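**Student:** Below is the file start_18.txt, with compact mmCIF, C-alpha atoms and all ligand atoms.
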```
# COMPACT_ATOMS: atom_id res chain seq x y z
CA MET W 1090 0.00 0.00 0.00
CA GLY W 1091 1.42 3.38 -1.01
CA THR W 1092 2.33 6.10 1.44
CA LYS W 1093 1.72 9.82 0.98
CA LEU W 1094 5.38 10.18 0.06
CA ASP W 1095 4.99 7.51 -2.65
CA ASP W 1096 2.00 9.42 -4.03
CA ARG W 1097 4.00 12.62 -4.19
CA SER W 1098 6.96 10.92 -5.85
CA THR W 1099 4.67 9.32 -8.40
CA ARG W 1100 3.05 12.64 -9.16
CA ARG W 1101 6.42 14.39 -9.36
CA ASP W 1102 7.60 11.72 -11.71
CA ARG W 1103 4.40 11.89 -13.75
CA PHE W 1104 4.80 15.61 -14.48
CA HIS W 1105 8.52 15.25 -15.04
CA GLN W 1106 7.97 12.41 -17.52
CA LYS W 1107 5.12 14.27 -19.19
CA ALA W 1108 7.34 17.34 -19.69
CA LYS W 1109 10.07 15.19 -21.23
CA ARG W 1110 7.58 13.47 -23.52
CA GLU W 1111 6.01 16.74 -24.63
CA GLY W 1112 9.33 18.52 -25.18
CA TYR W 1113 9.12 21.03 -22.34
CA LEU W 1114 12.25 22.17 -20.53
CA ALA W 1115 10.71 21.79 -17.04
CA ARG W 1116 7.72 20.29 -15.27
CA SER W 1117 6.85 23.82 -14.05
CA VAL W 1118 5.14 24.35 -17.38
CA TYR W 1119 2.06 22.54 -16.07
CA LYS W 1120 1.67 25.07 -13.26
CA LEU W 1121 1.48 27.92 -15.77
CA GLU W 1122 -0.76 25.87 -18.06
CA GLU W 1123 -3.25 25.32 -15.24
CA ILE W 1124 -3.15 28.96 -14.13
CA ASP W 1125 -3.60 30.13 -17.72
CA GLY W 1126 -6.43 27.64 -18.29
CA LYS W 1127 -8.35 29.22 -15.39
CA HIS W 1128 -7.32 32.85 -15.68
CA ALA W 1129 -6.52 33.49 -19.40
CA ILE W 1130 -3.21 35.16 -18.66
CA PHE W 1131 -2.28 35.77 -22.30
CA ASP W 1132 -5.61 37.15 -23.51
CA GLY W 1133 -4.72 39.69 -26.14
CA GLY W 1134 -1.24 40.52 -24.88
CA HIS W 1135 1.84 39.53 -26.81
CA ARG W 1136 4.75 41.12 -24.88
CA VAL W 1137 5.81 38.86 -22.02
CA LEU W 1138 8.46 39.31 -19.34
CA ASP W 1139 9.38 36.14 -17.45
CA LEU W 1140 11.39 36.72 -14.25
CA GLY W 1141 13.37 33.65 -13.15
CA CYS W 1142 12.90 32.03 -16.54
CA ALA W 1143 15.50 29.22 -16.52
CA PRO W 1144 15.44 26.56 -17.85
CA GLY W 1145 12.70 28.07 -20.04
CA SER W 1146 9.45 26.12 -20.00
CA TRP W 1147 7.26 29.15 -19.17
CA LEU W 1148 8.75 31.02 -22.13
CA GLN W 1149 8.08 27.98 -24.32
CA TYR W 1150 4.47 27.90 -23.17
CA ALA W 1151 3.96 31.65 -23.59
CA GLY W 1152 5.37 31.47 -27.12
CA GLU W 1153 3.00 28.64 -28.02
CA GLN W 1154 -0.03 30.47 -26.67
CA ILE W 1155 0.72 33.76 -28.39
CA GLY W 1156 2.20 32.55 -31.66
CA GLU W 1157 4.23 34.56 -34.13
CA ARG W 1158 3.44 37.95 -32.59
CA ALA W 1159 5.08 36.97 -29.31
CA LYS W 1160 7.76 39.23 -27.90
CA LEU W 1161 9.38 37.24 -25.12
CA VAL W 1162 11.97 38.48 -22.65
CA GLY W 1163 13.32 36.26 -19.89
CA LEU W 1164 15.54 37.14 -16.94
CA ASP W 1165 17.51 34.72 -14.81
CA ARG W 1166 20.76 34.83 -12.88
CA THR W 1167 21.56 31.46 -14.48
CA PRO W 1168 22.15 31.38 -18.25
CA ILE W 1169 19.65 29.28 -20.22
CA GLN W 1170 21.13 26.35 -22.09
CA ARG W 1171 18.52 26.16 -24.85
CA PRO W 1172 16.66 29.47 -25.10
CA PRO W 1173 13.20 29.09 -26.64
CA ALA W 1174 13.09 30.39 -30.20
CA GLY W 1175 12.71 34.15 -30.48
CA ALA W 1176 13.15 34.86 -26.77
CA ARG W 1177 15.61 37.53 -25.60
CA ILE W 1178 17.34 36.34 -22.46
CA VAL W 1179 18.85 38.73 -19.92
CA VAL W 1180 21.28 37.22 -17.43
CA GLY W 1181 21.26 39.08 -14.12
CA ASP W 1182 19.87 39.36 -10.62
CA VAL W 1183 16.30 40.60 -10.36
CA LEU W 1184 17.17 42.66 -7.29
CA THR W 1185 19.70 44.80 -9.15
CA ILE W 1186 18.70 44.57 -12.82
CA ASP W 1187 18.13 47.78 -14.73
CA ILE W 1188 14.54 48.12 -15.87
CA ALA W 1189 15.68 49.63 -19.17
CA GLU W 1190 17.61 46.44 -19.90
CA LEU W 1191 14.46 44.37 -19.44
CA LEU W 1192 12.41 46.63 -21.69
CA GLY W 1193 15.03 46.84 -24.46
CA ASP W 1194 13.22 48.47 -27.38
CA LEU W 1195 9.75 47.63 -26.06
CA PRO W 1196 7.67 50.44 -24.52
CA ALA W 1197 5.97 48.04 -22.09
CA PHE W 1198 4.92 44.44 -21.43
CA ASP W 1199 1.42 42.97 -21.43
CA VAL W 1200 2.26 40.10 -19.08
CA VAL W 1201 4.82 39.80 -16.28
CA LEU W 1202 5.48 36.34 -14.87
CA SER W 1203 7.62 35.35 -11.92
CA ASP W 1204 8.34 31.76 -10.97
CA MET W 1205 11.39 32.84 -9.01
CA ALA W 1206 12.33 30.62 -6.11
CA PRO W 1207 14.92 31.53 -3.49
CA ASP W 1208 17.84 29.33 -2.49
CA THR W 1209 16.14 27.47 0.33
CA THR W 1210 17.78 26.90 3.69
CA GLY W 1211 15.23 24.57 5.25
CA VAL W 1212 14.51 27.25 7.86
CA ARG W 1213 10.92 28.15 7.07
CA GLN W 1214 10.99 31.79 8.17
CA VAL W 1215 14.18 32.49 6.23
CA ASP W 1216 12.84 30.86 3.06
CA GLN W 1217 9.53 32.72 3.38
CA ALA W 1218 11.32 36.05 3.82
CA ARG W 1219 13.50 35.41 0.75
CA SER W 1220 10.49 34.44 -1.33
CA GLU W 1221 8.68 37.59 -0.20
CA THR W 1222 11.64 39.73 -1.28
CA LEU W 1223 11.62 38.15 -4.76
CA PHE W 1224 7.85 38.51 -5.04
CA GLU W 1225 7.91 42.15 -3.94
CA ARG W 1226 10.57 42.92 -6.51
CA ALA W 1227 8.60 41.09 -9.24
CA LEU W 1228 5.53 43.14 -8.37
CA GLU W 1229 7.57 46.33 -8.30
CA ILE W 1230 8.94 45.57 -11.77
CA ALA W 1231 5.45 44.68 -13.03
CA THR W 1232 4.20 48.03 -11.75
CA LEU W 1233 6.95 49.79 -13.70
CA VAL W 1234 6.74 47.94 -17.01
CA LEU W 1235 3.15 46.74 -17.49
CA ALA W 1236 0.85 48.47 -19.94
CA PRO W 1237 -2.57 49.33 -18.46
CA GLY W 1238 -4.78 46.22 -18.58
CA GLY W 1239 -1.76 43.90 -18.32
CA ASN W 1240 -1.54 40.72 -16.27
CA PHE W 1241 0.77 39.43 -13.53
CA VAL W 1242 1.53 35.99 -12.06
CA GLY W 1243 4.01 35.69 -9.18
CA LYS W 1244 5.15 32.80 -7.04
CA LEU W 1245 5.05 33.46 -3.31
CA PHE W 1246 5.73 31.17 -0.34
CA GLN W 1247 2.97 31.38 2.21
CA GLY W 1248 4.22 33.35 5.20
CA PRO W 1249 3.37 36.17 7.57
CA ASP W 1250 3.23 38.79 4.79
CA PHE W 1251 1.14 36.76 2.37
CA LYS W 1252 -2.04 38.72 3.01
CA LYS W 1253 -0.28 42.08 2.80
CA LEU W 1254 1.28 41.12 -0.53
CA THR W 1255 -1.96 39.83 -2.04
CA MET W 1256 -3.52 43.14 -0.97
CA ALA W 1257 -0.72 44.98 -2.77
CA VAL W 1258 -1.67 43.07 -5.94
CA ARG W 1259 -5.35 43.81 -5.37
CA ALA W 1260 -4.59 47.54 -5.15
CA ARG W 1261 -2.85 47.52 -8.51
CA PHE W 1262 -5.05 45.17 -10.55
CA ALA W 1263 -8.76 44.99 -11.28
CA VAL W 1264 -8.86 41.30 -10.28
CA GLN W 1265 -6.67 39.41 -7.82
CA LYS W 1266 -6.67 35.62 -7.31
CA THR W 1267 -4.43 32.95 -5.82
CA ALA W 1268 -3.71 29.49 -7.21
CA LYS W 1269 -2.12 26.28 -6.02
CA PRO W 1270 -1.75 24.21 -9.21
CA VAL W 1271 -2.14 20.43 -9.06
CA SER W 1272 1.43 19.97 -10.32
CA SER W 1273 2.78 22.07 -7.45
CA ARG W 1274 3.95 19.68 -4.75
CA GLN W 1275 1.41 19.63 -1.97
CA ILE W 1276 4.21 19.67 0.57
CA SER W 1277 5.45 22.96 -0.90
CA ILE W 1278 4.29 26.24 0.63
CA GLU W 1279 4.37 27.93 -2.76
CA GLN W 1280 1.30 29.68 -4.11
CA TYR W 1281 0.81 31.81 -7.19
CA VAL W 1282 -0.69 35.27 -6.87
CA ILE W 1283 -2.45 36.50 -9.98
CA GLY W 1284 -3.31 40.06 -10.92
CA LYS W 1285 -5.43 40.76 -14.00
CA GLY W 1286 -6.12 44.16 -15.51
CA PHE W 1287 -3.26 46.41 -14.36
CA ARG W 1288 -4.72 49.75 -13.28
CA GLY W 1289 -1.66 51.73 -14.39
CA GLN W 1290 1.19 53.32 -12.51
CA ALA W 1291 -1.08 55.79 -10.75
CA ALA W 1292 -2.35 52.86 -8.69
CA GLY W 1293 0.95 52.59 -6.84
CA GLY W 1294 4.70 52.46 -7.23
CA ALA W 1295 6.86 50.77 -4.64
CA VAL W 1296 5.20 47.92 -2.78
CA SER W 1297 4.13 49.22 0.62
CA GLY W 1298 5.94 48.06 3.69
CA ALA W 1299 8.65 46.41 1.62
CA ALA W 1300 12.16 47.39 0.71
CA PRO W 1301 13.41 44.85 -1.80
CA GLY W 1302 15.89 47.37 -3.13
CA THR W 1303 15.79 50.48 -5.17
CA VAL W 1304 14.64 50.47 -8.75
CA PRO W 1305 17.72 51.25 -10.80
CA GLY W 1306 16.97 52.72 -14.17
CA GLY W 1307 13.22 53.13 -13.96
CA ALA W 1308 10.98 52.93 -16.98
CA PRO W 1309 12.35 55.16 -19.70
CA GLY W 1310 9.87 57.62 -21.09
CA GLY W 1311 7.56 57.51 -18.06
CA THR W 1312 4.35 55.51 -18.14
CA PRO W 1313 4.62 52.31 -20.16
CA GLY W 1314 2.12 52.06 -22.96
CA GLY W 1315 1.72 50.77 -26.47
CA THR W 1316 -0.94 48.67 -28.11
CA ARG W 1317 -1.76 45.21 -26.82
C1 LIG H 1 11.60 27.29 -10.47
S1 LIG H 1 12.83 28.03 -11.48
C2 LIG H 1 11.89 28.70 -12.80
C3 LIG H 1 11.43 27.68 -13.79
C4 LIG H 1 10.83 28.32 -15.04
N1 LIG H 1 9.53 28.93 -14.73
C5 LIG H 1 10.60 27.30 -16.11
O1 LIG H 1 9.45 26.93 -16.32
O2 LIG H 1 11.55 26.88 -16.77
C6 LIG H 1 13.23 29.45 -10.52
C7 LIG H 1 14.32 30.32 -11.15
O3 LIG H 1 14.40 31.54 -10.42
C8 LIG H 1 15.73 32.01 -10.58
N2 LIG H 1 16.05 33.03 -9.58
C9 LIG H 1 16.01 32.93 -8.24
N3 LIG H 1 16.42 34.06 -7.65
C10 LIG H 1 16.72 34.93 -8.67
C11 LIG H 1 17.21 36.25 -8.70
N4 LIG H 1 17.50 36.93 -7.56
N5 LIG H 1 17.39 36.85 -9.90
C12 LIG H 1 17.14 36.18 -11.05
N6 LIG H 1 16.67 34.89 -11.08
C13 LIG H 1 16.48 34.28 -9.90
C14 LIG H 1 16.58 30.75 -10.42
O4 LIG H 1 17.87 30.93 -10.98
C15 LIG H 1 15.73 29.71 -11.14
O5 LIG H 1 16.18 29.50 -12.47
```
In structure tokens, what does this structure look like?
Ligand SMILES: C[S@@+](CC[C@H](N)C(=O)[O-])C[C@H]1O[C@@H](n2cnc3c(N)ncnc32)[C@H](O)[C@@H]1O
**Tutor:**
Amino acid sequence: MGTKLDDRSTRRDRFHQKAKREGYLARSVYKLEEIDGKHAIFDGGHRVLDLGCAPGSWLQYAGEQIGERAKLVGLDRTPIQRPPAGARIVVGDVLTIDIAELLGDLPAFDVVLSDMAPDTTGVRQVDQARSETLFERALEIATLVLAPGGNFVGKLFQGPDFKKLTMAVRARFAVQKTAKPVSSRQISIEQYVIGKGFRGQAAGGAVSGAAPGTVPGGAPGGTPGGTR
């Protein structure tokens, strides 16, 4: 008779095998697929910024959903071995990256994704705090680069500031939801916070109560815009 651990291993293996079979670079793709299936993350938008993009399965998925019009930019501190076709990859740390480098020649993005995970220590409070810092920074970047109406998905470990951070998303987007995809290990404290319909920069700049670092660069030309 199987134990809970066996069930988890089987599931982990199932998504891992499925990703290999279907040509995806990571099993994480099924988390985004489920979130997108429920929340239509790519509806109408074709410019996507993926923070913490390595090894690249979310970029693969975004490219497939959007098609030829896709403008994909990925950031990771680890170089990607096989960058998905057409994606521009920036290697750097999200906490210090220049916003202008992310934008390149784009005026704005329609979707900002963050699947960033901290180096975990096994000490819950430390890992939660690190995840919160990455999430806050992802939300800060989204606030600076999203066109009005744009969408956001960010990974966040559940911790003491979870409510405050979901409220920060709610203040900036017309709709805020959370998701725990089936392919996310049940033992994991990760959740995904979704914001749909960015209200624009007037809705807020820096994330309140958080100091993930300054925003070097800033969005050139002021408010991001452009057609979706
Ligand atoms: C779970 S993986 C992302 C998987 C990706 N969504 C995919 O489907 O291929 C998390 C990534 O976040 C990146 N990361 C963590 N902290 C970062 C930081 N401070 N700056 C940039 N990337 C970071 C890691 O290097 C790692 O590649």
**Student:** So how far away is atom CA of W:Ala1115 from atom CA of W:Gln1265, in Å?
**Tutor:**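 Separation of atom CA of W:Gln1265 and atom CA of W:Ala1115: 26.4 Å.
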**Student:** For W:Phe1224, which residue out of W:Ala1129, W:Ala1189, W:Val1212, W:Ala1206 is the nearest one, using only C-alpha atoms?
**Tutor:** W:Ala1206
**Student:** Mind listing whatever residues come within 12 Å of the point (-3.0, 31.4, -18.4)? Use only C-alpha atoms, file coordinates, and give them as an NGL selection string.
**Tutor:** :W and (1118-1134 or 1147 or 1150-1151 or 1153-1155 or 1200-1202 or 1240-1242 or 1268 or 1270 or 1281 or 1283-1285)
**Student:** Can you spit out the residues from that selection as a PDB file, in the frame of the given file, using C-alpha atoms?
**Tutor:**
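Produced file result_24.pdb, reproduced below:
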```
ATOM      1  CA  VAL W1118       5.140  24.350 -17.380  1.00  0.00           C
ATOM      2  CA  TYR W1119       2.060  22.540 -16.070  1.00  0.00           C
ATOM      3  CA  LYS W1120       1.670  25.070 -13.260  1.00  0.00           C
ATOM      4  CA  LEU W1121       1.480  27.920 -15.770  1.00  0.00           C
ATOM      5  CA  GLU W1122      -0.760  25.870 -18.060  1.00  0.00           C
ATOM      6  CA  GLU W1123      -3.250  25.320 -15.240  1.00  0.00           C
ATOM      7  CA  ILE W1124      -3.150  28.960 -14.130  1.00  0.00           C
ATOM      8  CA  ASP W1125      -3.600  30.130 -17.720  1.00  0.00           C
ATOM      9  CA  GLY W1126      -6.430  27.640 -18.290  1.00  0.00           C
ATOM     10  CA  LYS W1127      -8.350  29.220 -15.390  1.00  0.00           C
ATOM     11  CA  HIS W1128      -7.320  32.850 -15.680  1.00  0.00           C
ATOM     12  CA  ALA W1129      -6.520  33.490 -19.400  1.00  0.00           C
ATOM     13  CA  ILE W1130      -3.210  35.160 -18.660  1.00  0.00           C
ATOM     14  CA  PHE W1131      -2.280  35.770 -22.300  1.00  0.00           C
ATOM     15  CA  ASP W1132      -5.610  37.150 -23.510  1.00  0.00           C
ATOM     16  CA  GLY W1133      -4.720  39.690 -26.140  1.00  0.00           C
ATOM     17  CA  GLY W1134      -1.240  40.520 -24.880  1.00  0.00           C
ATOM     18  CA  TRP W1147       7.260  29.150 -19.170  1.00  0.00           C
ATOM     19  CA  TYR W1150       4.470  27.900 -23.170  1.00  0.00           C
ATOM     20  CA  ALA W1151       3.960  31.650 -23.590  1.00  0.00           C
ATOM     21  CA  GLU W1153       3.000  28.640 -28.020  1.00  0.00           C
ATOM     22  CA  GLN W1154      -0.030  30.470 -26.670  1.00  0.00           C
ATOM     23  CA  ILE W1155       0.720  33.760 -28.390  1.00  0.00           C
ATOM     24  CA  VAL W1200       2.260  40.100 -19.080  1.00  0.00           C
ATOM     25  CA  VAL W1201       4.820  39.800 -16.280  1.00  0.00           C
ATOM     26  CA  LEU W1202       5.480  36.340 -14.870  1.00  0.00           C
ATOM     27  CA  ASN W1240      -1.540  40.720 -16.270  1.00  0.00           C
ATOM     28  CA  PHE W1241       0.770  39.430 -13.530  1.00  0.00           C
ATOM     29  CA  VAL W1242       1.530  35.990 -12.060  1.00  0.00           C
ATOM     30  CA  ALA W1268      -3.710  29.490  -7.210  1.00  0.00           C
ATOM     31  CA  PRO W1270      -1.750  24.210  -9.210  1.00  0.00           C
ATOM     32  CA  TYR W1281       0.810  31.810  -7.190  1.00  0.00           C
ATOM     33  CA  ILE W1283      -2.450  36.500  -9.980  1.00  0.00           C
ATOM     34  CA  GLY W1284      -3.310  40.060 -10.920  1.00  0.00           C
ATOM     35  CA  LYS W1285      -5.430  40.760 -14.000  1.00  0.00           C
TER      36      LYS W1285
END
```
**Student:** Within 6 Å of (6.2, 28.1, -1.3) (file coordinates; all atoms listed in the file), which protein or nucleic acid residues are there? I'd like them as a list in words.
**Tutor:** Leu1245, Phe1246, Gln1247, Ser1277, Ile1278, Glu1279 and Gln1280 of chain W
**Student:** Which residues are near ligand LIG 1 (chain H) - at most 8 Å, using only C-alpha atoms and all ligand atoms? Format: as a ChimeraX atom specification.
**Tutor:** /W:1114-1118,1139-1148,1164-1167,1180-1184,1203-1208,1223
**Student:** Rounded to one decimal, what separation in Å do you get between atom CA of W:Leu1228 and atom CA of W:Phe1198?
**Tutor:**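 Going from atom CA of W:Leu1228 over to atom CA of W:Phe1198, I get 13.1 Å.
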**Student:** For stretch 1262-1281 of chain W, write N, CA and C atoms out as a PDB file, in the first residue's frame.
**Tutor:**
```
ATOM      1  N   PHE W1262      -4.386  45.891  -9.456  1.00  0.00           N
ATOM      2  CA  PHE W1262      -5.049  45.170 -10.548  1.00  0.00           C
ATOM      3  C   PHE W1262      -6.559  45.111 -10.294  1.00  0.00           C
ATOM      4  N   ALA W1263      -7.303  45.034 -11.406  1.00  0.00           N
ATOM      5  CA  ALA W1263      -8.758  44.993 -11.277  1.00  0.00           C
ATOM      6  C   ALA W1263      -9.222  43.708 -10.594  1.00  0.00           C
ATOM      7  N   VAL W1264      -8.482  42.604 -10.851  1.00  0.00           N
ATOM      8  CA  VAL W1264      -8.864  41.304 -10.280  1.00  0.00           C
ATOM      9  C   VAL W1264      -7.628  40.666  -9.655  1.00  0.00           C
ATOM     10  N   GLN W1265      -7.787  40.115  -8.467  1.00  0.00           N
ATOM     11  CA  GLN W1265      -6.665  39.408  -7.816  1.00  0.00           C
ATOM     12  C   GLN W1265      -7.143  38.027  -7.380  1.00  0.00           C
ATOM     13  N   LYS W1266      -6.338  37.009  -7.685  1.00  0.00           N
ATOM     14  CA  LYS W1266      -6.666  35.620  -7.315  1.00  0.00           C
ATOM     15  C   LYS W1266      -5.405  34.939  -6.818  1.00  0.00           C
ATOM     16  N   THR W1267      -5.581  33.794  -6.131  1.00  0.00           N
ATOM     17  CA  THR W1267      -4.426  32.953  -5.816  1.00  0.00           C
ATOM     18  C   THR W1267      -4.668  31.564  -6.379  1.00  0.00           C
ATOM     19  N   ALA W1268      -3.574  30.841  -6.641  1.00  0.00           N
ATOM     20  CA  ALA W1268      -3.710  29.492  -7.208  1.00  0.00           C
ATOM     21  C   ALA W1268      -2.657  28.579  -6.610  1.00  0.00           C
ATOM     22  N   LYS W1269      -3.064  27.335  -6.429  1.00  0.00           N
ATOM     23  CA  LYS W1269      -2.124  26.278  -6.023  1.00  0.00           C
ATOM     24  C   LYS W1269      -2.307  25.165  -7.052  1.00  0.00           C
ATOM     25  N   PRO W1270      -1.528  25.192  -8.140  1.00  0.00           N
ATOM     26  CA  PRO W1270      -1.746  24.212  -9.212  1.00  0.00           C
ATOM     27  C   PRO W1270      -1.538  22.769  -8.741  1.00  0.00           C
ATOM     28  N   VAL W1271      -2.216  21.855  -9.402  1.00  0.00           N
ATOM     29  CA  VAL W1271      -2.136  20.427  -9.058  1.00  0.00           C
ATOM     30  C   VAL W1271      -0.696  19.926  -9.155  1.00  0.00           C
ATOM     31  N   SER W1272       0.054  20.447 -10.136  1.00  0.00           N
ATOM     32  CA  SER W1272       1.430  19.967 -10.321  1.00  0.00           C
ATOM     33  C   SER W1272       2.408  20.586  -9.329  1.00  0.00           C
ATOM     34  N   SER W1273       1.941  21.530  -8.519  1.00  0.00           N
ATOM     35  CA  SER W1273       2.783  22.065  -7.451  1.00  0.00           C
ATOM     36  C   SER W1273       2.750  21.059  -6.306  1.00  0.00           C
ATOM     37  N   ARG W1274       3.918  20.696  -5.809  1.00  0.00           N
ATOM     38  CA  ARG W1274       3.950  19.680  -4.747  1.00  0.00           C
ATOM     39  C   ARG W1274       3.126  20.147  -3.561  1.00  0.00           C
ATOM     40  N   GLN W1275       2.284  19.256  -3.075  1.00  0.00           N
ATOM     41  CA  GLN W1275       1.407  19.630  -1.969  1.00  0.00           C
ATOM     42  C   GLN W1275       2.200  19.988  -0.721  1.00  0.00           C
ATOM     43  N   ILE W1276       3.366  19.389  -0.590  1.00  0.00           N
ATOM     44  CA  ILE W1276       4.214  19.671   0.573  1.00  0.00           C
ATOM     45  C   ILE W1276       4.808  21.092   0.500  1.00  0.00           C
ATOM     46  N   SER W1277       4.841  21.646  -0.705  1.00  0.00           N
ATOM     47  CA  SER W1277       5.455  22.963  -0.895  1.00  0.00           C
ATOM     48  C   SER W1277       4.513  24.064  -0.410  1.00  0.00           C
ATOM     49  N   ILE W1278       5.114  25.129   0.150  1.00  0.00           N
ATOM     50  CA  ILE W1278       4.289  26.243   0.630  1.00  0.00           C
ATOM     51  C   ILE W1278       4.109  27.301  -0.458  1.00  0.00           C
ATOM     52  N   GLU W1279       4.496  26.944  -1.695  1.00  0.00           N
ATOM     53  CA  GLU W1279       4.370  27.934  -2.764  1.00  0.00           C
ATOM     54  C   GLU W1279       2.915  28.097  -3.203  1.00  0.00           C
ATOM     55  N   GLN W1280       2.592  29.329  -3.524  1.00  0.00           N
ATOM     56  CA  GLN W1280       1.302  29.678  -4.111  1.00  0.00           C
ATOM     57  C   GLN W1280       1.607  30.613  -5.272  1.00  0.00           C
ATOM     58  N   TYR W1281       0.639  30.817  -6.129  1.00  0.00           N
ATOM     59  CA  TYR W1281       0.812  31.811  -7.193  1.00  0.00           C
ATOM     60  C   TYR W1281      -0.241  32.894  -6.991  1.00  0.00           C
TER      61      TYR W1281
END
```
